[in-house]
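Enquirer: For reference, the file work_38.txt (compact mmCIF, C-alpha atoms and all ligand atoms) is included below:
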# COMPACT_ATOMS: atom_id res chain seq x y z
CA MET K 1 0.00 0.00 0.00
CA SER K 2 1.69 3.23 -1.08
CA THR K 3 1.02 6.56 0.63
CA PRO K 4 -1.51 8.47 -1.51
CA SER K 5 -0.41 11.60 -3.32
CA GLN K 6 -3.98 12.94 -3.51
CA HIS K 7 -6.15 14.08 -0.62
CA SER K 8 -8.81 11.75 0.76
CA HIS K 9 -12.17 12.09 -0.98
CA THR K 10 -14.00 10.24 1.77
CA ALA K 11 -12.84 12.99 4.16
CA LEU K 12 -14.61 15.47 1.89
CA MET K 13 -17.77 13.32 1.76
CA ALA K 14 -17.81 13.04 5.56
CA ALA K 15 -17.51 16.79 6.04
CA ALA K 16 -20.18 17.41 3.39
CA ALA K 17 -22.55 15.11 5.29
CA ARG K 18 -21.94 17.02 8.53
CA ALA K 19 -22.48 20.34 6.75
CA ALA K 20 -25.63 19.06 5.04
CA HIS K 21 -27.11 17.90 8.36
CA LEU K 22 -27.43 21.55 9.37
CA ILE K 23 -29.05 22.45 6.06
CA VAL K 24 -31.40 19.65 5.03
CA ASP K 25 -32.23 17.77 8.23
CA GLY K 26 -34.81 18.86 10.75
CA GLN K 27 -34.88 18.86 14.51
CA PRO K 28 -33.39 17.89 16.83
CA THR K 29 -29.92 18.66 15.51
CA ILE K 30 -27.65 15.73 16.35
CA PHE K 31 -24.34 17.45 15.75
CA ALA K 32 -23.52 21.03 14.81
CA ASP K 33 -20.30 21.15 12.80
CA THR K 34 -20.53 24.85 12.08
CA LEU K 35 -17.26 24.94 10.10
CA ALA K 36 -17.84 21.93 7.85
CA GLU K 37 -19.44 23.92 5.03
CA ALA K 38 -16.58 26.44 4.92
CA LEU K 39 -14.03 23.61 4.80
CA LEU K 40 -15.62 22.16 1.67
CA GLY K 41 -14.27 25.12 -0.27
CA SER K 42 -14.94 24.95 -4.00
CA SER K 43 -16.68 21.56 -3.62
CA ALA K 44 -19.40 22.96 -1.36
CA GLU K 45 -21.92 23.81 -4.04
CA GLU K 46 -21.75 20.43 -5.78
CA LEU K 47 -21.66 18.25 -2.65
CA LEU K 48 -24.32 20.14 -0.73
CA GLY K 49 -26.36 20.26 -3.93
CA TYR K 50 -26.71 16.44 -3.85
CA HIS K 51 -27.94 16.52 -0.27
CA ARG K 52 -30.33 19.39 -1.02
CA ALA K 53 -31.75 17.79 -4.16
CA HIS K 54 -32.02 14.26 -2.72
CA HIS K 55 -32.34 14.85 1.02
CA ASP K 56 -34.64 11.84 1.55
CA GLU K 57 -32.55 9.48 -0.57
CA PRO K 58 -31.68 6.52 1.73
CA ILE K 59 -27.94 6.43 1.03
CA LEU K 60 -27.48 10.14 1.76
CA VAL K 61 -29.74 9.88 4.82
CA ASN K 62 -27.67 6.95 6.05
CA LEU K 63 -24.41 8.81 5.43
CA ARG K 64 -25.55 11.91 7.35
CA ALA K 65 -26.83 9.80 10.25
CA GLN K 66 -23.53 7.91 10.52
CA MET K 67 -21.38 11.03 10.41
CA VAL K 68 -23.31 13.07 12.94
CA CYS K 69 -23.88 10.22 15.41
CA ARG K 70 -20.22 9.28 15.65
CA SER K 71 -19.13 12.91 15.98
CA ARG K 72 -21.66 13.62 18.71
CA PHE K 73 -20.74 10.43 20.58
CA THR K 74 -17.06 11.37 20.41
CA GLU K 75 -17.31 15.03 21.37
CA GLU K 76 -19.63 14.21 24.30
CA ARG K 77 -17.08 11.72 25.67
CA LEU K 78 -14.22 14.11 24.95
CA ALA K 79 -16.01 16.86 26.87
CA ALA K 80 -16.42 14.51 29.83
CA GLY K 81 -12.71 13.66 29.64
CA VAL K 82 -11.74 17.33 29.55
CA ALA K 83 -14.00 18.03 32.52
CA ALA K 84 -12.09 15.28 34.34
CA GLY K 85 -8.74 16.93 33.54
CA ILE K 86 -7.68 15.50 30.15
CA ASP K 87 -5.87 18.13 28.08
CA GLN K 88 -4.57 16.19 25.06
CA TYR K 89 -6.66 14.91 22.16
CA VAL K 90 -5.30 12.83 19.28
CA ILE K 91 -7.39 12.61 16.09
CA LEU K 92 -6.27 9.64 13.99
CA GLY K 93 -7.21 10.14 10.34
CA ALA K 94 -8.51 13.63 11.08
CA GLY K 95 -9.72 14.51 7.59
CA LEU K 96 -11.72 17.75 7.81
CA ASP K 97 -12.53 17.32 11.51
CA SER K 98 -13.09 20.87 12.75
CA LEU K 99 -13.04 20.46 16.52
CA ALA K 100 -9.70 22.22 16.96
CA TYR K 101 -11.08 25.35 15.25
CA ARG K 102 -14.54 25.33 16.77
CA TRP K 103 -14.46 24.08 20.30
CA GLN K 104 -15.06 26.67 23.02
CA ARG K 105 -12.94 24.77 25.54
CA VAL K 106 -10.13 24.48 23.04
CA ASP K 107 -7.65 26.63 24.97
CA ARG K 108 -7.52 23.88 27.58
CA LEU K 109 -6.89 21.16 25.02
CA ARG K 110 -3.87 20.37 22.84
CA VAL K 111 -5.11 18.72 19.66
CA PHE K 112 -2.87 16.43 17.57
CA GLU K 113 -4.23 15.83 14.10
CA VAL K 114 -2.75 12.72 12.47
CA ASP K 115 -3.40 12.11 8.79
CA GLN K 116 -1.85 11.14 5.50
CA PRO K 117 0.51 13.96 4.43
CA ALA K 118 -1.42 14.85 1.24
CA THR K 119 -4.74 15.05 3.07
CA GLN K 120 -3.28 17.11 5.87
CA GLN K 121 -1.67 19.57 3.47
CA TRP K 122 -4.98 19.93 1.61
CA LYS K 123 -6.88 20.46 4.86
CA ARG K 124 -4.52 23.27 5.81
CA GLN K 125 -5.15 24.87 2.42
CA GLN K 126 -8.90 24.53 2.95
CA LEU K 127 -8.54 26.18 6.36
CA ALA K 128 -6.50 29.04 4.91
CA GLN K 129 -8.91 29.56 2.04
CA ALA K 130 -11.84 29.64 4.46
CA GLY K 131 -10.04 32.23 6.60
CA ILE K 132 -9.94 29.85 9.58
CA ALA K 133 -6.81 30.39 11.68
CA GLU K 134 -4.80 27.46 12.99
CA PRO K 135 -4.70 27.93 16.77
CA GLU K 136 -1.45 27.34 18.61
CA THR K 137 -3.13 24.47 20.41
CA VAL K 138 -3.30 22.33 17.25
CA SER K 139 -0.34 20.25 16.05
CA PHE K 140 -0.25 18.54 12.68
CA VAL K 141 1.29 15.09 12.55
CA PRO K 142 1.65 13.95 8.93
CA LEU K 143 1.79 10.16 9.02
CA ASP K 144 0.68 7.16 7.03
CA LEU K 145 -0.44 4.78 9.78
CA ASN K 146 0.78 1.91 7.58
CA ASP K 147 4.32 3.13 8.31
CA GLY K 148 3.98 2.71 12.08
CA GLN K 149 5.89 5.35 14.07
CA LEU K 150 2.77 6.81 15.68
CA ALA K 151 4.31 7.10 19.15
CA ALA K 152 7.53 8.71 17.88
CA LYS K 153 5.69 11.17 15.62
CA LEU K 154 3.32 12.20 18.41
CA SER K 155 6.21 12.71 20.77
CA ASN K 156 8.07 14.83 18.19
CA ALA K 157 4.95 16.98 17.89
CA GLY K 158 4.95 17.65 21.64
CA PHE K 159 2.54 14.99 22.86
CA ASP K 160 3.21 14.03 26.49
CA ALA K 161 2.92 10.25 26.65
CA SER K 162 3.21 10.26 30.42
CA ARG K 163 -0.25 11.83 30.81
CA PRO K 164 -3.58 10.32 29.72
CA ALA K 165 -5.30 11.58 26.60
CA VAL K 166 -8.37 10.96 24.50
CA ALA K 167 -7.86 9.59 20.99
CA SER K 168 -10.48 9.24 18.27
CA TRP K 169 -10.31 7.14 15.14
CA LEU K 170 -13.44 7.85 13.14
CA GLY K 171 -14.10 6.59 9.65
CA VAL K 172 -10.63 5.10 9.30
CA THR K 173 -10.43 1.49 10.52
CA MET K 174 -12.34 0.14 7.51
CA TYR K 175 -9.61 1.49 5.19
CA LEU K 176 -6.77 -0.24 7.05
CA SER K 177 -5.32 -3.75 7.10
CA GLN K 178 -5.41 -5.91 10.21
CA THR K 179 -1.63 -5.38 10.51
CA THR K 180 -2.03 -1.59 10.63
CA LEU K 181 -4.97 -1.85 13.02
CA ASP K 182 -2.85 -3.97 15.37
CA ALA K 183 0.19 -1.69 15.11
CA THR K 184 -1.92 1.41 15.80
CA LEU K 185 -3.76 -0.20 18.70
CA ALA K 186 -0.43 -1.33 20.14
CA ALA K 187 0.86 2.27 20.01
CA VAL K 188 -2.29 3.76 21.56
CA GLY K 189 -2.46 0.93 24.10
CA ASP K 190 1.06 1.88 25.18
CA LEU K 191 0.01 5.43 26.10
CA ALA K 192 -0.57 6.40 29.72
CA PRO K 193 -3.13 4.37 31.66
CA GLY K 194 -6.52 6.11 31.60
CA THR K 195 -6.10 7.14 27.95
CA GLU K 196 -9.39 6.61 26.11
CA LEU K 197 -9.79 5.55 22.50
CA ILE K 198 -13.02 6.03 20.56
CA MET K 199 -13.15 4.23 17.22
CA ASP K 200 -15.81 3.21 14.76
CA TYR K 201 -15.83 0.15 12.55
CA VAL K 202 -17.88 -1.40 9.75
CA LEU K 203 -19.84 -4.50 10.70
CA PRO K 204 -19.57 -7.66 8.58
CA LYS K 205 -22.46 -8.44 6.27
CA HIS K 206 -24.25 -10.86 8.59
CA LEU K 207 -24.56 -8.17 11.30
CA ARG K 208 -25.91 -5.39 9.06
CA ASP K 209 -29.57 -4.55 8.70
CA ALA K 210 -31.17 -4.03 5.28
CA ALA K 211 -30.40 -0.29 5.21
CA GLY K 212 -26.80 -0.89 6.27
CA GLN K 213 -26.33 -3.56 3.63
CA ARG K 214 -27.83 -1.34 0.89
CA TYR K 215 -25.44 1.42 1.87
CA ALA K 216 -22.45 -0.96 1.87
CA GLU K 217 -23.38 -2.40 -1.54
CA LEU K 218 -23.41 1.05 -3.08
CA ILE K 219 -20.67 2.84 -1.17
CA ALA K 220 -17.98 0.13 -0.87
CA PRO K 221 -17.45 -0.15 -4.65
CA ALA K 222 -17.70 3.64 -5.08
CA VAL K 223 -14.98 4.40 -2.52
CA SER K 224 -12.85 1.60 -3.88
CA GLU K 225 -13.02 3.24 -7.29
CA ILE K 226 -11.71 6.51 -5.86
CA GLY K 227 -8.76 4.69 -4.28
CA GLU K 228 -10.06 4.23 -0.72
CA PRO K 229 -11.26 0.61 -0.57
CA TRP K 230 -12.78 -0.90 2.57
CA ARG K 231 -10.31 -3.52 3.77
CA THR K 232 -11.59 -4.56 7.17
CA CYS K 233 -15.01 -5.30 8.66
CA LEU K 234 -15.21 -6.28 12.30
CA ALA K 235 -17.78 -7.84 14.62
CA PRO K 236 -18.19 -6.22 18.07
CA ASP K 237 -16.68 -9.26 19.84
CA GLU K 238 -13.63 -9.18 17.51
CA VAL K 239 -13.12 -5.49 18.26
CA ALA K 240 -13.40 -6.13 21.99
CA ALA K 241 -10.88 -8.98 21.78
CA MET K 242 -8.42 -6.84 19.78
CA LEU K 243 -8.69 -3.97 22.25
CA GLN K 244 -8.24 -6.27 25.24
CA ALA K 245 -5.18 -7.87 23.62
CA HIS K 246 -3.63 -4.41 23.29
CA GLY K 247 -4.13 -3.42 26.92
CA PHE K 248 -7.55 -1.76 26.83
CA GLU K 249 -10.72 -2.34 28.81
CA VAL K 250 -13.88 -1.80 26.79
CA LEU K 251 -16.24 0.80 28.28
CA GLU K 252 -18.94 0.99 25.59
CA ASN K 253 -19.46 -0.90 22.33
CA VAL K 254 -22.67 0.30 20.67
CA GLY K 255 -24.52 0.36 17.37
CA GLN K 256 -25.62 3.60 15.79
CA SER K 257 -29.05 3.56 17.39
CA ASP K 258 -27.63 3.52 20.94
CA SER K 259 -24.73 5.85 20.22
CA ILE K 260 -26.89 8.92 20.88
CA GLY K 261 -29.77 9.62 23.27
CA ALA K 262 -33.04 7.91 22.31
CA GLU K 263 -34.81 11.30 22.31
CA LEU K 264 -32.70 12.35 19.31
CA TRP K 265 -34.39 9.69 17.16
CA ASN K 266 -37.74 11.33 17.79
CA ARG K 267 -37.41 13.41 14.65
CA ASP K 268 -39.28 15.43 12.07
CA ASP K 269 -37.04 14.37 9.17
CA ALA K 270 -35.86 11.24 7.35
CA LEU K 271 -32.90 10.36 9.60
CA TYR K 272 -33.04 6.95 11.24
CA PRO K 273 -30.40 4.59 12.65
CA SER K 274 -29.02 1.65 10.69
CA GLU K 275 -26.78 -1.28 11.55
CA LEU K 276 -23.55 -0.81 9.65
CA LEU K 277 -21.19 1.35 11.63
CA SER K 278 -20.63 0.61 15.31
CA ILE K 279 -18.57 2.59 17.79
CA VAL K 280 -16.47 1.51 20.72
CA ARG K 281 -14.87 3.39 23.62
CA ALA K 282 -12.06 1.75 25.51
CA ARG K 283 -9.57 2.78 28.18
CA VAL K 284 -5.90 1.87 28.56
CA ARG K 285 -5.63 -0.35 31.65
CA SER K 286 -3.24 0.46 34.45
C1 LIG C 1 -13.58 8.90 5.86
S1 LIG C 1 -12.26 9.98 6.24
C2 LIG C 1 -12.68 10.37 7.93
C3 LIG C 1 -12.13 11.70 8.33
C4 LIG C 1 -12.55 12.18 9.71
N1 LIG C 1 -12.06 11.31 10.76
C5 LIG C 1 -14.04 12.34 9.79
O1 LIG C 1 -14.69 11.61 10.56
O2 LIG C 1 -14.57 13.20 9.09
C6 LIG C 1 -10.88 8.87 6.43
C7 LIG C 1 -9.61 9.58 6.89
O3 LIG C 1 -8.63 8.59 7.23
C8 LIG C 1 -7.39 8.98 6.69
N2 LIG C 1 -6.59 7.76 6.48
C9 LIG C 1 -6.90 6.69 5.73
N3 LIG C 1 -5.88 5.81 5.72
C10 LIG C 1 -4.91 6.34 6.50
C11 LIG C 1 -3.61 5.93 6.87
N4 LIG C 1 -3.09 4.79 6.41
N5 LIG C 1 -2.87 6.73 7.66
C12 LIG C 1 -3.37 7.91 8.10
N6 LIG C 1 -4.61 8.35 7.80
C13 LIG C 1 -5.36 7.59 7.00
C14 LIG C 1 -7.77 9.67 5.39
O4 LIG C 1 -6.70 10.47 4.89
C15 LIG C 1 -8.98 10.45 5.82
O5 LIG C 1 -8.64 11.70 6.36
Rewrite the structure from the file as structure tokens, please.
Ligand SMILES: C[S@@+](CC[C@H](N)C(=O)[O-])C[C@H]1O[C@@H](n2cnc3c(N)ncnc32)[C@H](O)[C@@H]1O
Expert:
Amino acid sequence: MSTPSQHSHTALMAAAARAAHLIVDGQPTIFADTLAEALLGSSAEELLGYHRAHHDEPILVNLRAQMVCRSRFTEERLAAGVAAGIDQYVILGAGLDSLAYRWQRVDRLRVFEVDQPATQQWKRQQLAQAGIAEPETVSFVPLDLNDGQLAAKLSNAGFDASRPAVASWLGVTMYLSQTTLDATLAAVGDLAPGTELIMDYVLPKHLRDAAGQRYAELIAPAVSEIGEPWRTCLAPDEVAAMLQAHGFEVLENVGQSDSIGAELWNRDDALYPSELLSIVRARVRS
């Protein structure tokens, strides 16, 4: 697997779905990524146009639901961690994640964005073009996770491995091999006890519902064609076993439906949960 020379297109699709949630979906809002639209740059009109024109189309509905649920889940847990004293946040495969530029509590949090070099460079251009300043609290860590070296690169960027952190890994594991998953989990599992990891993963076919399977049948070949093939699907018990083997205890391992409060599914729009993407939160054991 060679390191891509082009930026990730799935990162753009994910940000477009978060931006579109604020435009085409109703109430209650699940997640307010108020910078996502600006980060789409010259692609905004085209990508948001699809969501506007086909807002009830099941694949786009499914995409928006997945993106906003996992972001809400993650930022809620991150906020709890920060309230408990955590001040370092590592975003693995950050794409156009905008937390570092949007979060009110950001002055108390050092954010380390890890991504493929080409995607990270493009993101920084998107930020500049949108007039969004890079705060001093954000550090960019260009790294292909297939190359290993996560711990060393984080340390070079100023990460303090002696203190616990929160790490997120959203929309990435499906694009990686089992070898890279294990190497990355080994590196995160070696961080200070109490460090929390939040990661999502694609369920294997037999655990998907009909909506999840429809989405997978359409999206997996499409992303493969643009050079970002799904490589790994995982069952919840496989994920739990992997995490335990790398020194974690599993705190939550939930499907999309349970990843947000039940009241948020009482909606006036087309969003509904599907079984395709699950999310797990685990803590490095002492
Ligand atoms: C679907 S996007 C998700 C982006 C972001 N986490 C989000 O939720 O919007 C996948 C991200 O994973 C990154 N990625 C994929 N393979 C990677 C690798 N081997 N090393 C580092 N980052 C990788 C891509 O560059 C891209 O930013």
Enquirer: Around ligand LIG 1 (chain C), at most 9 Å away and counting only C-alpha atoms and all ligand atoms, which residues are there? Put them as an mmCIF file with C-alpha atoms, in the frame of the given file, please.
Expert:
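As a result, selection_7.cif now contains:
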data_model
loop_
_atom_site.group_PDB
_atom_site.id
_atom_site.type_symbol
_atom_site.label_atom_id
_atom_site.label_comp_id
_atom_site.auth_asym_id
_atom_site.auth_seq_id
_atom_site.Cartn_x
_atom_site.Cartn_y
_atom_site.Cartn_z
ATOM 1 C CA MET K 1 0.000 0.000 0.000
ATOM 2 C CA THR K 3 1.020 6.560 0.630
ATOM 3 C CA PRO K 4 -1.510 8.470 -1.510
ATOM 4 C CA HIS K 7 -6.150 14.080 -0.620
ATOM 5 C CA SER K 8 -8.810 11.750 0.760
ATOM 6 C CA HIS K 9 -12.170 12.090 -0.980
ATOM 7 C CA THR K 10 -14.000 10.240 1.770
ATOM 8 C CA ALA K 11 -12.840 12.990 4.160
ATOM 9 C CA LEU K 12 -14.610 15.470 1.890
ATOM 10 C CA MET K 13 -17.770 13.320 1.760
ATOM 11 C CA ALA K 14 -17.810 13.040 5.560
ATOM 12 C CA ALA K 15 -17.510 16.790 6.040
ATOM 13 C CA ARG K 18 -21.940 17.020 8.530
ATOM 14 C CA MET K 67 -21.380 11.030 10.410
ATOM 15 C CA ARG K 70 -20.220 9.280 15.650
ATOM 16 C CA SER K 71 -19.130 12.910 15.980
ATOM 17 C CA ILE K 91 -7.390 12.610 16.090
ATOM 18 C CA LEU K 92 -6.270 9.640 13.990
ATOM 19 C CA GLY K 93 -7.210 10.140 10.340
ATOM 20 C CA ALA K 94 -8.510 13.630 11.080
ATOM 21 C CA GLY K 95 -9.720 14.510 7.590
ATOM 22 C CA LEU K 96 -11.720 17.750 7.810
ATOM 23 C CA ASP K 97 -12.530 17.320 11.510
ATOM 24 C CA SER K 98 -13.090 20.870 12.750
ATOM 25 C CA VAL K 114 -2.750 12.720 12.470
ATOM 26 C CA ASP K 115 -3.400 12.110 8.790
ATOM 27 C CA GLN K 116 -1.850 11.140 5.500
ATOM 28 C CA PRO K 117 0.510 13.960 4.430
ATOM 29 C CA ALA K 118 -1.420 14.850 1.240
ATOM 30 C CA THR K 119 -4.740 15.050 3.070
ATOM 31 C CA GLN K 120 -3.280 17.110 5.870
ATOM 32 C CA PRO K 142 1.650 13.950 8.930
ATOM 33 C CA LEU K 143 1.790 10.160 9.020
ATOM 34 C CA ASP K 144 0.680 7.160 7.030
ATOM 35 C CA LEU K 145 -0.440 4.780 9.780
ATOM 36 C CA ASN K 146 0.780 1.910 7.580
ATOM 37 C CA ASP K 147 4.320 3.130 8.310
ATOM 38 C CA SER K 168 -10.480 9.240 18.270
ATOM 39 C CA TRP K 169 -10.310 7.140 15.140
ATOM 40 C CA LEU K 170 -13.440 7.850 13.140
ATOM 41 C CA GLY K 171 -14.100 6.590 9.650
ATOM 42 C CA VAL K 172 -10.630 5.100 9.300
ATOM 43 C CA THR K 173 -10.430 1.490 10.520
ATOM 44 C CA MET K 174 -12.340 0.140 7.510
ATOM 45 C CA TYR K 175 -9.610 1.490 5.190
ATOM 46 C CA LEU K 176 -6.770 -0.240 7.050
ATOM 47 C CA SER K 177 -5.320 -3.750 7.100
ATOM 48 C CA THR K 180 -2.030 -1.590 10.630
ATOM 49 C CA GLU K 228 -10.060 4.230 -0.720
#
Enquirer: Would you mind reading off the distance between atom CA of K:Gly194 and atom CA of K:Gln104, one decimal, in Å?
Expert: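 Straight-line distance from atom CA of K:Gly194 to atom CA of K:Gln104 works out to 23.9 Å.
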Enquirer: Kindly provide the residues of stretch 182-259 of chain K that approach stretch 275-282 of chain K to within 9 Å, each paired with its closest atom pair and their distance in Å to one decimal, based on only C-alpha atoms, listed by chain and increasing number, as JSON lines.
Expert:
{"residue": "K:Thr195", "atom": "CA", "partner": "K:Ala282", "partner_atom": "CA", "distance": 8.4}
{"residue": "K:Glu196", "atom": "CA", "partner": "K:Ala282", "partner_atom": "CA", "distance": 5.6}
{"residue": "K:Leu197", "atom": "CA", "partner": "K:Ala282", "partner_atom": "CA", "distance": 5.4}
{"residue": "K:Ile198", "atom": "CA", "partner": "K:Arg281", "partner_atom": "CA", "distance": 4.4}
{"residue": "K:Met199", "atom": "CA", "partner": "K:Val280", "partner_atom": "CA", "distance": 5.5}
{"residue": "K:Asp200", "atom": "CA", "partner": "K:Ile279", "partner_atom": "CA", "distance": 4.1}
{"residue": "K:Tyr201", "atom": "CA", "partner": "K:Ser278", "partner_atom": "CA", "distance": 5.6}
{"residue": "K:Val202", "atom": "CA", "partner": "K:Leu277", "partner_atom": "CA", "distance": 4.7}
{"residue": "K:Leu203", "atom": "CA", "partner": "K:Leu276", "partner_atom": "CA", "distance": 5.3}
{"residue": "K:Pro204", "atom": "CA", "partner": "K:Leu276", "partner_atom": "CA", "distance": 8.0}
{"residue": "K:Lys205", "atom": "CA", "partner": "K:Leu276", "partner_atom": "CA", "distance": 8.4}
{"residue": "K:Leu207", "atom": "CA", "partner": "K:Glu275", "partner_atom": "CA", "distance": 7.2}
{"residue": "K:Arg208", "atom": "CA", "partner": "K:Glu275", "partner_atom": "CA", "distance": 4.9}
{"residue": "K:Asp209", "atom": "CA", "partner": "K:Glu275", "partner_atom": "CA", "distance": 5.2}
{"residue": "K:Ala210", "atom": "CA", "partner": "K:Glu275", "partner_atom": "CA", "distance": 8.1}
{"residue": "K:Ala211", "atom": "CA", "partner": "K:Glu275", "partner_atom": "CA", "distance": 7.4}
{"residue": "K:Gly212", "atom": "CA", "partner": "K:Leu276", "partner_atom": "CA", "distance": 4.7}
{"residue": "K:Gln213", "atom": "CA", "partner": "K:Leu276", "partner_atom": "CA", "distance": 7.2}
{"residue": "K:Tyr215", "atom": "CA", "partner": "K:Leu276", "partner_atom": "CA", "distance": 8.3}
{"residue": "K:Ala216", "atom": "CA", "partner": "K:Leu276", "partner_atom": "CA", "distance": 7.9}
{"residue": "K:Ala235", "atom": "CA", "partner": "K:Ser278", "partner_atom": "CA", "distance": 8.9}
{"residue": "K:Pro236", "atom": "CA", "partner": "K:Ser278", "partner_atom": "CA", "distance": 7.8}
{"residue": "K:Val239", "atom": "CA", "partner": "K:Val280", "partner_atom": "CA", "distance": 8.1}
{"residue": "K:Ala240", "atom": "CA", "partner": "K:Val280", "partner_atom": "CA", "distance": 8.3}
{"residue": "K:Leu243", "atom": "CA", "partner": "K:Ala282", "partner_atom": "CA", "distance": 7.4}
{"residue": "K:Gln244", "atom": "CA", "partner": "K:Ala282", "partner_atom": "CA", "distance": 8.9}
{"residue": "K:Phe248", "atom": "CA", "partner": "K:Ala282", "partner_atom": "CA", "distance": 5.9}
{"residue": "K:Glu249", "atom": "CA", "partner": "K:Ala282", "partner_atom": "CA", "distance": 5.4}
{"residue": "K:Val250", "atom": "CA", "partner": "K:Ala282", "partner_atom": "CA", "distance": 4.2}
{"residue": "K:Leu251", "atom": "CA", "partner": "K:Ala282", "partner_atom": "CA", "distance": 5.1}
{"residue": "K:Glu252", "atom": "CA", "partner": "K:Arg281", "partner_atom": "CA", "distance": 5.1}
{"residue": "K:Asn253", "atom": "CA", "partner": "K:Val280", "partner_atom": "CA", "distance": 4.2}
{"residue": "K:Val254", "atom": "CA", "partner": "K:Ile279", "partner_atom": "CA", "distance": 5.5}
{"residue": "K:Gly255", "atom": "CA", "partner": "K:Ser278", "partner_atom": "CA", "distance": 4.4}
{"residue": "K:Gln256", "atom": "CA", "partner": "K:Ser278", "partner_atom": "CA", "distance": 5.8}
{"residue": "K:Ser257", "atom": "CA", "partner": "K:Glu275", "partner_atom": "CA", "distance": 7.9}
{"residue": "K:Ser259", "atom": "CA", "partner": "K:Ile279", "partner_atom": "CA", "distance": 7.4}
Enquirer: Give the answer as one residue: which of K:Val166, K:Ala65, K:Ala187, K:Ala241 has the shortest atom-to-atom distance to K:Asp87, using only C-alpha atoms?
Expert: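 Under the stated criterion, the closest residue is K:Val166.
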Enquirer: Return the single residue from K:Leu109, K:Ala80, K:Ala17, K:Ala157 that is closest to K:Ala44, with distances computed using all atoms listed in the file.
Expert: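 Of the candidates, the smallest distance to K:Ala44 is held by K:Ala17.
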Enquirer: Given all atoms listed in the file as the basis, pick out the residue of K:Ala100, K:Arg214, K:Leu40, K:Ala222 nearest to K:Glu134.
Expert: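 Of all the options, K:Ala100 lies closest to K:Glu134.
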Enquirer: Tell me, in Å to one decimal, how far atom CA of K:Arg283 is from atom CA of K:Arg163.
Expert: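 Going from atom CA of K:Arg283 over to atom CA of K:Arg163 covers 13.3 Å.
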Enquirer: Tell me which of K:Arg267, K:Tyr50, K:Pro229, K:Ala167 sits closest to K:Arg77, counting only C-alpha atoms.
Expert: K:Ala167
Enquirer: Just the number, please: distance in Å from atom CA of K:Val188 to atom CA of K:Glu136, one decimal.
Expert: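 Straight-line distance from atom CA of K:Val188 to atom CA of K:Glu136 works out to 23.8 Å.
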Enquirer: Here's a test: counting only C-alpha atoms, identify every protein, DNA and RNA residue with an atom at most 12 Å from (-19.6, 26.1, 11.6) in the file's coordinate frame, and state them as a VMD selection string.
Expert: chain K and resid 15 to 16 18 to 23 31 to 40 97 to 103 130 132
Enquirer: Rank K:Leu181, K:Ala192, K:Val111, K:Leu78 by their smallest atom-to-atom distance to K:Ala161, using all atoms listed in the file, and report the top residue only.
Expert: K:Ala192
Enquirer: Considering all atoms listed in the file, can you say which of K:Ala152, K:Ala270, K:Val284, K:Val141 comes closest to K:Arg64?
Expert: K:Ala270
